[in-house]
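Structure file upload35.txt with compact mmCIF, C-alpha atoms:
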```
# COMPACT_ATOMS: atom_id res chain seq x y z
CA MET A 1 33.45 131.24 133.70
CA SER A 2 30.39 132.84 135.22
CA VAL A 3 27.60 133.15 132.65
CA LYS A 4 25.39 134.57 135.38
CA HIS A 5 27.67 137.49 136.14
CA SER A 6 28.46 138.06 132.47
CA LEU A 7 24.76 138.47 131.71
CA LEU A 8 24.28 140.80 134.66
CA ALA A 9 27.20 142.90 133.43
CA LEU A 10 25.67 143.13 129.96
CA LEU A 11 22.23 144.01 131.32
CA GLU A 12 23.83 146.86 133.23
CA ARG A 13 24.16 148.54 129.80
CA GLY A 14 20.36 148.42 129.44
CA PRO A 15 17.48 145.94 128.95
CA ALA A 16 18.09 143.23 126.34
CA TYR A 17 16.70 139.89 125.21
CA GLY A 18 18.53 136.56 124.91
CA TYR A 19 19.94 136.78 121.41
CA GLN A 20 21.16 140.34 122.00
CA LEU A 21 22.91 139.21 125.18
CA ARG A 22 24.59 136.35 123.43
CA SER A 23 25.92 138.43 120.56
CA ALA A 24 27.03 141.23 122.92
CA PHE A 25 28.92 138.69 125.02
CA GLU A 26 30.61 137.17 122.01
CA SER A 27 31.60 140.48 120.51
CA ALA A 28 33.05 141.64 123.84
CA THR A 29 35.19 138.52 124.13
CA GLY A 30 36.04 138.14 120.45
CA ASN A 31 34.06 134.91 120.08
CA THR A 32 36.56 133.24 122.38
CA TRP A 33 33.88 131.61 124.46
CA PRO A 34 30.89 130.76 122.30
CA LEU A 35 27.74 130.93 124.38
CA ASN A 36 24.90 128.48 123.85
CA ILE A 37 21.54 130.30 123.51
CA GLY A 38 19.91 127.64 125.68
CA GLN A 39 22.46 128.42 128.36
CA VAL A 40 21.53 132.09 128.12
CA TYR A 41 17.81 131.41 128.64
CA THR A 42 18.35 128.93 131.49
CA THR A 43 20.57 131.46 133.23
CA LEU A 44 18.06 134.28 132.67
CA ASN A 45 15.29 132.11 134.18
CA ARG A 46 17.41 131.39 137.20
CA LEU A 47 18.32 135.06 137.58
CA GLU A 48 14.62 135.95 137.34
CA ARG A 49 13.77 133.38 139.99
CA ASP A 50 16.44 134.89 142.27
CA ARG A 51 15.01 138.39 141.53
CA MET A 52 18.26 139.66 140.04
CA VAL A 53 16.59 140.43 136.72
CA GLU A 54 12.98 141.04 135.77
CA ALA A 55 11.22 140.17 132.54
CA LEU A 56 9.68 143.04 130.59
CA PRO A 57 6.65 142.69 128.28
CA GLU A 58 7.34 140.96 124.97
CA ASN A 59 7.97 143.22 121.97
CA GLU A 60 6.09 142.91 118.63
CA SER A 61 8.52 140.26 117.40
CA GLY A 62 7.77 138.16 120.48
CA GLN A 63 11.15 138.75 122.15
CA ARG A 64 11.16 139.23 125.86
CA PRO A 65 13.74 141.72 127.15
CA TYR A 66 15.10 141.51 130.68
CA ARG A 67 16.15 144.29 133.02
CA ILE A 68 18.66 144.11 135.88
CA THR A 69 17.25 144.76 139.38
CA ASP A 70 18.90 146.39 142.40
CA ALA A 71 19.62 142.92 143.80
CA GLY A 72 21.28 142.04 140.50
CA ARG A 73 23.35 145.20 140.67
CA ARG A 74 24.55 144.32 144.16
CA GLN A 75 25.47 140.83 142.99
CA LEU A 76 27.41 142.28 140.04
CA ALA A 77 29.26 144.79 142.21
CA GLY A 78 30.25 141.95 144.53
CA TRP A 79 31.58 139.95 141.58
CA PHE A 80 33.76 142.79 140.31
CA ALA A 81 34.95 143.48 143.85
CA SER A 82 36.21 139.95 144.55
CA PRO A 83 39.30 138.34 143.00
CA VAL A 84 39.02 135.10 141.05
CA GLN A 85 40.05 132.25 143.33
CA ALA A 86 42.66 129.75 142.22
CA ALA A 87 40.17 126.96 142.88
CA ASP A 88 37.77 128.46 140.31
CA ARG A 89 40.28 127.78 137.57
CA PRO A 90 40.44 124.43 135.87
CA ARG A 91 43.19 122.02 136.76
CA ASP A 92 46.16 122.45 134.54
CA GLU A 93 46.88 119.40 132.43
CA LEU A 94 50.40 120.53 131.55
CA THR A 95 51.43 120.86 135.20
CA ILE A 96 50.12 117.40 135.91
CA LYS A 97 51.82 116.00 132.83
CA LEU A 98 55.22 117.39 133.83
CA ALA A 99 54.83 116.33 137.45
CA LEU A 100 54.23 112.82 136.17
CA ALA A 101 57.02 113.10 133.57
CA VAL A 102 59.68 113.66 136.24
CA THR A 103 58.45 110.66 138.22
CA THR A 104 57.87 108.23 135.37
CA PRO A 105 60.78 105.95 134.42
CA GLY A 106 62.09 106.32 130.88
CA VAL A 107 60.48 109.68 130.06
CA ASP A 108 62.73 112.25 128.36
CA VAL A 109 61.61 115.28 130.36
CA ALA A 110 63.68 117.73 128.32
CA ASP A 111 61.95 116.49 125.20
CA VAL A 112 58.49 116.86 126.73
CA ILE A 113 59.38 120.43 127.71
CA GLN A 114 60.81 121.28 124.30
CA ARG A 115 57.75 120.00 122.44
CA GLN A 116 55.44 121.93 124.68
CA ARG A 117 57.48 125.09 124.36
CA THR A 118 57.43 124.89 120.58
CA ALA A 119 53.66 124.39 120.60
CA THR A 120 53.09 127.24 123.04
CA LEU A 121 55.35 129.54 121.05
CA ARG A 122 53.43 128.76 117.90
CA LEU A 123 50.28 129.71 119.71
CA LEU A 124 51.96 132.89 120.88
CA GLN A 125 52.98 133.70 117.31
CA GLU A 126 49.42 133.23 116.13
CA TYR A 127 47.91 135.32 118.92
CA THR A 128 50.44 138.03 118.11
CA ARG A 129 49.51 137.83 114.45
CA LEU A 130 45.83 138.20 115.32
CA LYS A 131 46.68 141.14 117.50
CA ALA A 132 48.79 142.79 114.80
CA ALA A 133 45.89 142.41 112.37
CA GLU A 134 43.46 144.06 114.77
CA ASP A 135 45.03 147.46 115.14
CA HIS A 136 41.69 149.14 115.73
CA ALA A 137 40.00 146.29 117.54
CA GLU A 138 37.59 146.77 120.40
CA LEU A 139 39.34 147.21 123.72
CA ALA A 140 37.53 144.24 125.27
CA TRP A 141 38.66 141.87 122.53
CA LEU A 142 42.22 143.19 122.66
CA LEU A 143 42.22 142.56 126.38
CA VAL A 144 41.12 138.95 125.91
CA LEU A 145 43.79 138.42 123.27
CA GLU A 146 46.50 139.93 125.43
CA SER A 147 45.46 137.81 128.36
CA MET A 148 46.09 134.74 126.22
CA ILE A 149 49.41 136.16 125.04
CA PHE A 150 50.61 136.79 128.60
CA ARG A 151 49.42 133.38 129.73
CA ALA A 152 51.34 131.70 126.90
CA GLU A 153 54.38 133.78 127.79
CA ALA A 154 54.13 132.73 131.42
CA GLU A 155 53.92 129.11 130.35
CA VAL A 156 57.08 129.44 128.25
CA ARG A 157 58.90 131.08 131.15
CA TRP A 158 57.79 128.33 133.48
CA LEU A 159 58.95 125.71 130.96
CA ASP A 160 62.34 127.46 130.67
CA HIS A 161 62.62 127.44 134.44
CA THR A 162 61.58 123.80 134.74
CA GLU A 163 64.07 122.83 132.05
CA ALA A 164 66.89 124.51 133.95
CA VAL A 165 65.87 122.92 137.25
CA VAL A 166 65.59 119.47 135.67
CA ALA A 167 68.97 119.88 133.96
CA ARG A 168 70.58 120.68 137.33
CA THR A 169 68.90 117.84 139.15
CA ASP A 170 69.82 114.18 139.06
CA LEU A 171 66.35 112.77 138.73
CA PRO A 172 66.11 109.92 141.22
CA ALA A 173 64.59 106.73 139.96
CA PRO A 174 61.02 106.91 141.21
CA SER A 175 60.44 104.38 143.94
CA PRO A 176 58.15 101.54 142.93
CA PHE A 177 54.91 101.11 144.79
CA ALA A 178 55.26 99.15 147.98
CA ALA A 179 54.14 95.61 147.32
CA HIS A 180 51.91 95.12 150.33
CA VAL A 181 50.53 98.29 151.79
CA ASP A 182 47.45 97.84 153.96
CA GLN A 183 46.93 94.41 152.58
CA PRO A 184 45.94 91.83 155.16
CA GLU A 185 48.50 89.12 155.54
CA THR A 186 46.05 86.38 154.79
CA GLU A 187 45.30 87.85 151.38
CA ILE A 188 49.00 87.99 150.48
CA LEU A 189 49.34 84.38 151.52
CA ARG A 190 46.41 83.49 149.39
CA GLU A 191 47.89 85.36 146.40
CA ASN A 192 51.22 83.66 146.78
CA ARG A 193 49.69 80.27 146.80
CA MET B 1 65.27 136.20 98.49
CA THR B 2 67.69 134.98 101.11
CA VAL B 3 69.52 137.84 102.79
CA LEU B 4 71.37 135.89 105.47
CA GLN B 5 72.51 132.32 105.24
CA LEU B 6 74.53 130.12 107.61
CA ARG B 7 75.73 126.82 106.18
CA GLY B 8 77.07 124.16 108.51
CA VAL B 9 78.55 126.77 110.79
CA ASN B 10 80.73 125.76 113.74
CA ARG B 11 82.44 128.10 116.14
CA VAL B 12 84.98 126.72 118.54
CA HIS B 13 86.60 128.91 121.18
CA GLY B 14 89.99 127.80 122.51
CA ALA B 15 91.76 124.58 121.52
CA GLY B 16 92.54 121.09 122.77
CA ASP B 17 91.05 120.18 126.11
CA ASN B 18 89.86 123.73 126.65
CA ALA B 19 87.91 123.89 123.40
CA VAL B 20 84.35 125.13 123.79
CA ASN B 21 81.87 124.53 121.00
CA ALA B 22 79.91 127.74 121.02
CA LEU B 23 77.96 126.86 117.88
CA ILE B 24 77.60 123.42 116.30
CA ASP B 25 76.52 122.54 112.73
CA THR B 26 74.18 125.44 112.43
CA ASP B 27 72.12 126.10 109.31
CA LEU B 28 69.93 129.16 109.14
CA GLN B 29 68.32 131.25 106.46
CA VAL B 30 66.62 134.59 106.79
CA ALA B 31 64.80 135.90 103.74
CA ALA B 32 63.77 139.44 102.89
CA GLY B 33 60.48 140.18 104.60
CA GLU B 34 61.16 137.70 107.37
CA LEU B 35 61.74 138.18 111.08
CA VAL B 36 63.42 135.27 112.84
CA ALA B 37 63.78 135.11 116.61
CA ILE B 38 66.57 133.26 118.39
CA MET B 39 65.83 132.00 121.87
CA GLY B 40 67.75 129.90 124.33
CA PRO B 41 69.28 129.95 127.79
CA SER B 42 72.38 132.07 128.42
CA GLY B 43 75.46 130.44 127.01
CA SER B 44 73.46 128.59 124.36
CA GLY B 45 75.17 130.39 121.47
CA LYS B 46 72.71 133.20 120.70
CA SER B 47 75.28 136.02 120.75
CA THR B 48 77.83 133.91 118.88
CA LEU B 49 75.27 133.37 116.14
CA LEU B 50 74.49 137.07 115.93
CA ASN B 51 78.17 138.03 115.83
CA LEU B 52 78.83 135.53 113.05
CA ALA B 53 75.83 136.80 111.09
CA GLY B 54 77.14 140.35 111.27
CA GLY B 55 80.72 139.44 110.36
CA LEU B 56 82.03 140.52 113.76
CA ASP B 57 83.30 137.00 114.29
CA ALA B 58 84.33 134.29 111.83
CA PRO B 59 83.23 130.64 111.91
CA SER B 60 85.75 127.87 112.66
CA SER B 61 84.16 125.96 109.79
CA GLY B 62 81.17 126.45 107.53
CA GLU B 63 80.05 129.56 105.70
CA VAL B 64 78.17 132.75 106.44
CA LEU B 65 76.63 134.54 103.45
CA VAL B 66 75.13 138.01 103.44
CA GLU B 67 73.17 138.82 100.29
CA GLY B 68 74.92 135.96 98.53
CA THR B 69 78.47 136.96 99.47
CA VAL B 70 80.55 134.52 101.52
CA LEU B 71 81.98 136.67 104.29
CA ALA B 72 85.20 134.64 104.50
CA SER B 73 85.96 135.50 100.85
CA LEU B 74 86.29 139.19 101.68
CA ASN B 75 89.38 141.01 102.88
CA LYS B 76 89.19 143.28 105.90
CA LYS B 77 88.34 146.38 103.91
CA GLN B 78 85.68 144.65 101.84
CA LEU B 79 84.14 143.10 104.95
CA ALA B 80 84.00 146.50 106.64
CA ARG B 81 82.27 147.92 103.60
CA LEU B 82 79.74 145.09 103.45
CA ARG B 83 78.99 145.51 107.14
CA ARG B 84 78.52 149.23 106.63
CA ARG B 85 76.30 148.85 103.59
CA SER B 86 74.33 145.68 104.25
CA VAL B 87 74.04 145.08 107.98
CA GLY B 88 72.46 147.13 110.74
CA TYR B 89 72.54 146.54 114.47
CA VAL B 90 70.11 147.29 117.23
CA PHE B 91 71.32 146.80 120.80
CA GLN B 92 69.66 146.74 124.18
CA ASP B 93 71.30 150.02 125.21
CA TYR B 94 70.64 151.80 121.86
CA ASN B 95 74.33 152.71 121.28
CA LEU B 96 73.55 156.16 119.93
CA VAL B 97 76.36 158.71 119.80
CA PRO B 98 75.43 161.19 122.57
CA SER B 99 76.97 164.24 120.87
CA LEU B 100 74.97 163.73 117.66
CA THR B 101 71.27 164.46 117.09
CA ALA B 102 68.82 161.71 116.19
CA ALA B 103 69.10 162.62 112.50
CA GLU B 104 72.91 162.68 112.66
CA ASN B 105 72.94 159.31 114.39
CA ALA B 106 70.69 157.81 111.74
CA ALA B 107 72.80 159.38 108.95
CA LEU B 108 76.09 158.13 110.40
CA PRO B 109 76.45 154.94 108.33
CA LEU B 110 75.83 156.91 105.13
CA GLU B 111 78.35 159.58 106.03
CA LEU B 112 80.94 156.93 106.88
CA ASP B 113 80.27 155.58 103.44
CA GLY B 114 81.16 158.92 101.86
CA ILE B 115 77.69 160.21 101.05
CA SER B 116 77.36 164.00 101.27
CA ALA B 117 76.01 165.40 104.53
CA GLY B 118 73.01 167.02 102.85
CA LYS B 119 71.96 163.87 101.05
CA ALA B 120 72.55 161.76 104.15
CA ARG B 121 70.37 164.07 106.22
CA GLY B 122 67.55 163.81 103.72
CA GLN B 123 67.66 160.03 103.88
CA ALA B 124 67.94 160.11 107.66
CA LEU B 125 64.81 162.25 107.99
CA ALA B 126 62.94 159.84 105.73
CA ALA B 127 64.18 156.86 107.75
CA LEU B 128 63.16 158.54 111.00
CA GLU B 129 59.74 159.31 109.60
CA GLU B 130 59.32 155.63 108.80
CA VAL B 131 59.87 154.78 112.46
CA GLY B 132 57.42 157.46 113.58
CA LEU B 133 59.74 160.35 114.52
CA ASP B 134 59.05 163.81 113.10
CA ALA B 135 61.49 166.54 112.00
CA LYS B 136 61.41 168.18 115.42
CA GLN B 137 62.35 164.97 117.20
CA ALA B 138 65.03 164.36 114.56
CA ASP B 139 66.99 167.35 115.84
CA ARG B 140 67.00 166.20 119.45
CA PHE B 141 70.01 164.67 121.15
CA PRO B 142 69.85 161.16 122.62
CA ASP B 143 69.54 162.46 126.20
CA GLU B 144 66.42 164.38 125.13
CA LEU B 145 64.76 161.22 123.81
CA SER B 146 62.87 158.53 125.72
CA GLY B 147 64.08 154.93 125.64
CA GLY B 148 61.45 153.99 123.10
CA GLN B 149 62.33 156.94 120.86
CA SER B 150 66.05 156.12 121.14
CA GLN B 151 65.40 152.57 120.02
CA ARG B 152 63.39 153.91 117.06
CA VAL B 153 66.40 155.99 116.05
CA ALA B 154 68.58 152.87 116.36
CA ILE B 155 66.22 150.94 114.07
CA ALA B 156 66.18 153.81 111.57
CA ARG B 157 69.98 153.83 111.62
CA ALA B 158 70.12 150.06 111.22
CA LEU B 159 68.02 150.13 108.07
CA ILE B 160 69.08 153.39 106.44
CA GLY B 161 70.16 153.43 102.82
CA GLU B 162 70.18 150.11 101.03
CA ARG B 163 70.61 148.05 104.17
CA ARG B 164 68.26 145.17 104.50
CA LEU B 165 69.64 142.98 107.29
CA VAL B 166 68.95 144.07 110.83
CA LEU B 167 70.49 142.16 113.73
CA ALA B 168 68.79 142.96 117.00
CA ASP B 169 70.27 141.85 120.33
CA GLU B 170 67.64 142.07 123.09
CA PRO B 171 66.34 145.37 121.66
CA THR B 172 63.57 145.63 124.24
CA GLY B 173 65.68 144.68 127.26
CA ALA B 174 65.78 148.22 128.65
CA LEU B 175 62.18 149.15 127.85
CA ASP B 176 58.93 148.70 129.73
CA SER B 177 56.37 146.24 128.44
CA THR B 178 54.25 148.51 126.22
CA THR B 179 57.19 150.51 124.84
CA GLY B 180 59.04 147.27 124.14
CA GLU B 181 56.06 146.05 122.23
CA GLU B 182 55.93 149.23 120.15
CA VAL B 183 59.56 148.67 119.19
CA LEU B 184 58.87 145.06 118.24
CA LYS B 185 55.85 146.10 116.21
CA LEU B 186 58.05 148.59 114.39
CA LEU B 187 60.71 145.96 113.69
CA ARG B 188 57.94 143.69 112.41
CA ARG B 189 56.68 146.45 110.10
CA ARG B 190 60.17 147.12 108.75
CA CYS B 191 60.50 143.42 107.97
CA ASP B 192 57.07 143.39 106.32
CA ALA B 193 58.39 146.25 104.19
CA GLY B 194 61.22 144.05 102.93
CA ALA B 195 63.97 143.94 105.57
CA ALA B 196 65.35 140.68 106.94
CA GLY B 197 65.51 140.61 110.72
CA LEU B 198 67.31 138.39 113.19
CA LEU B 199 66.21 139.01 116.75
CA VAL B 200 67.83 137.60 119.86
CA THR B 201 65.45 137.67 122.79
CA HIS B 202 64.70 135.78 125.97
CA ASP B 203 61.19 137.15 125.98
CA ALA B 204 58.66 134.74 124.48
CA ARG B 205 56.10 137.47 124.04
CA HIS B 206 58.49 139.39 121.82
CA ALA B 207 59.49 136.26 119.94
CA GLY B 208 55.78 135.98 119.16
CA TRP B 209 56.21 138.74 116.57
CA ALA B 210 58.63 136.59 114.57
CA ASP B 211 57.78 134.38 111.61
CA ARG B 212 59.99 131.66 113.02
CA VAL B 213 61.47 131.01 116.43
CA VAL B 214 64.74 129.10 116.57
CA PHE B 215 65.82 127.52 119.86
CA LEU B 216 69.44 127.06 120.72
CA ARG B 217 70.73 124.84 123.46
CA ASP B 218 74.42 124.15 124.09
CA GLY B 219 75.30 125.56 120.69
CA ARG B 220 72.81 123.51 118.73
CA VAL B 221 69.54 124.37 117.09
CA VAL B 222 67.15 122.09 118.93
CA ASP B 223 63.95 123.24 117.36
CA SER B 224 62.45 125.76 115.06
CA SER B 225 58.84 126.79 115.03
CA ALA B 226 56.93 128.07 112.07
CA PRO B 227 53.50 129.55 112.54
CA LEU B 228 50.52 127.30 112.07
CA PRO B 229 48.03 128.05 109.33
CA GLY B 230 44.51 129.13 110.20
CA ALA B 231 44.70 131.37 113.24
CA GLU B 232 40.91 131.35 113.54
CA THR B 233 40.83 127.77 114.78
CA LEU B 234 43.19 128.50 117.66
CA LEU B 235 40.75 130.30 119.84
CA GLU B 236 38.53 127.29 120.19
CA GLY B 237 41.07 125.72 122.51
CA ALA B 238 41.16 128.74 124.76
CA GLN B 239 37.87 128.19 126.51
```

Write the structure described by the file as structure tokens, please.
Amino acid sequence: MSVKHSLLALLERGPAYGYQLRSAFESATGNTWPLNIGQVYTTLNRLERDRMVEALPENESGQRPYRITDAGRRQLAGWFASPVQAADRPRDELTIKLALAVTTPGVDVADVIQRQRTATLRLLQEYTRLKAAEDHAELAWLLVLESMIFRAEAEVRWLDHTEAVVARTDLPAPSPFAAHVDQPETEILRENR
Amino acid sequence: MTVLQLRGVNRVHGAGDNAVNALIDTDLQVAAGELVAIMGPSGSGKSTLLNLAGGLDAPSSGEVLVEGTVLASLNKKQLARLRRRSVGYVFQDYNLVPSLTAAENAALPLELDGISAGKARGQALAALEEVGLDAKQADRFPDELSGGQSQRVAIARALIGERRLVLADEPTGALDSTTGEEVLKLLRRRCDAGAAGLLVTHDARHAGWADRVVFLRDGRVVDSSAPLPGAETLLEGAQ
């Protein structure tokens, strides 16, 4: 997640100081990604250094608002204009787990899939419940919630698909590691002794 | 209160070497106010379960009860009456009678039950209003309604009168994503208002509206999910 671009996007609404930025970010995303206030100030400092925002004079309460600059606006426009790259997303633990499940002796793959599907469906039920309760919610928050709903749905569909593929396939016994790859002969001799 | 109950239900098609166990040792309860989703790959027994629940098919062993009545204890006439009075269906392709208006379609089960046309129409208009269709839309014919509106009429028809059990077989299958969701939301609301719903779907997002999701595989219930308490804690994991 790009805190930098999120702050630029919020400042595009108008000048604001750290705490305002944090609460605006959290209300836009339904508190899904809590933002550390320290993180907000570090990012603002860096943005100021890079001339993407400029600090305004402190108000009476000693809070310093920031304003987006033209350079910041260009940066923001570039962010909205470019798609999120697959590499920017975190590695998916579930994919790795299933890839290992089909190659690990003695693992009941169908069971792994079923447990995951139940858990994901529960999550889906809860997201749906949240959504049903928020009939007049802010559009931004609804969008975040729906993104999680669709992601959970995709995961269930992928699990269904994987289950069918695994059921059709005779899983070969994974081949054990070769005993002496790239090991100098002398070492093997020494080990055998 | 339990509206639908399956006790140790088995359904075997064919006999001897050709016997196929479509449903094995299945127990299921759906209470008033509850929406239960059935999921599973094709051939897993979803439709068999729905047909048994609605009395369209009879179990090879075990019992199906609707509002406390064992279906097998009824003769043909009694079963037809119970189906007419207690059970409503919603299908993927709406199954509305094309020559009848929305109100007439919704009133059909009441008229078949001998209720006067005037009284039936009054109830139909009320049922249509509950699913968000006004008096003007009530007098339209199915070919003048959108898919979403047609499915609303089907839900109104399924729950008209005293009927409290609605069996829905892929009700959103023919609808686009947002319209399908509106229909599910409506089904959810009708269940919150006291109906018992059994929903067959292959769509996890739609199953998300259910209180419980039951998985079938090869005729068996392999798992059943109930919602977790404390939805607020869930979002922490989403970062």

Atom pair CA of Ile24 (chain B) + CA of Leu65 (chain B), distance 17.0 Å

Neighbour residues at most 9 Å from (51.5, 132.7, 124.6) (all atoms listed in the file) as a ChimeraX atom specification
/A:120-128,146-156 /B:204-205,208

Give me, as a list in words, all polymer residues having an atom no more than 10 Å from Thr172 (chain B), counting only C-alpha atoms and skipping those fewer than 2 positions away in the same chain.
Val90, Phe91, Gln92, Asp93, Tyr94, Gly147, Gly148, Gln151, Ala168, Asp169, Glu170, Ala174, Leu175, Asp176, Ser177, Thr178, Thr179, Gly180, Glu181, Glu182, Val183, Leu184, Thr201, Asp203 and His206 of chain B

In Å, rounded to a single decimal, give me how far CA of Asp25 (chain B) is from CA of Val9 (chain B).
5.1 Å

In Å to one decimal, how far is CA of Ser150 (chain B) from CA of Leu187 (chain B)?
13.7 Å

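Shortest separation to Arg157 (chain A) among B:Gly14, B:Pro59, B:Pro41, B:Gly122 occurs at residue B:Pro41, atoms counted being only C-alpha atoms.
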
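Shortest atom-to-atom contact with chain B among A:Ala81, A:Asp92, A:Glu58, A:Ala119: A:Ala119, counting all atoms listed in the file.
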
Report as a CSV table (one decimal) with C-alpha atoms, in the coordinates of the input all protein, DNA and RNA residues lying within 7 Å of Lys46 (chain B), evaluated on only C-alpha atoms, omitting residues in the same chain fewer than 3 positions from it.
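For reference, part_15.csv as written:
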```
chain,number,residue,atom,x,y,z
B,38,ILE,CA,66.6,133.3,118.4
B,40,GLY,CA,67.8,129.9,124.3
B,49,LEU,CA,75.3,133.4,116.1
B,50,LEU,CA,74.5,137.1,115.9
B,200,VAL,CA,67.8,137.6,119.9
B,216,LEU,CA,69.4,127.1,120.7
```

List as a tab-separated table (two decimals) with C-alpha atoms, keeping the file's coordinate frame the residues having at least one atom at most 9 Å from position (53.5, 120.9, 133.8) as given in the file, counting all atoms listed in the file.
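Everything below was put into selection-v2.tsv:
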```
chain	number	residue	atom	x	y	z
A	92	ASP	CA	46.16	122.45	134.54
A	93	GLU	CA	46.88	119.40	132.43
A	94	LEU	CA	50.40	120.53	131.55
A	95	THR	CA	51.43	120.86	135.20
A	96	ILE	CA	50.12	117.40	135.91
A	97	LYS	CA	51.82	116.00	132.83
A	98	LEU	CA	55.22	117.39	133.83
A	99	ALA	CA	54.83	116.33	137.45
A	100	LEU	CA	54.23	112.82	136.17
A	101	ALA	CA	57.02	113.10	133.57
A	113	ILE	CA	59.38	120.43	127.71
A	155	GLU	CA	53.92	129.11	130.35
A	158	TRP	CA	57.79	128.33	133.48
A	159	LEU	CA	58.95	125.71	130.96
A	162	THR	CA	61.58	123.80	134.74
```

Name the residues in contact with Val40 (chain A) at a cut-off of 9 Å, using all atoms listed in the file, excluding same-chain residues fewer than 2 positions from it; report them as a ChimeraX atom specification.
/A:3-4,7,18-19,21-22,35-38,42-45
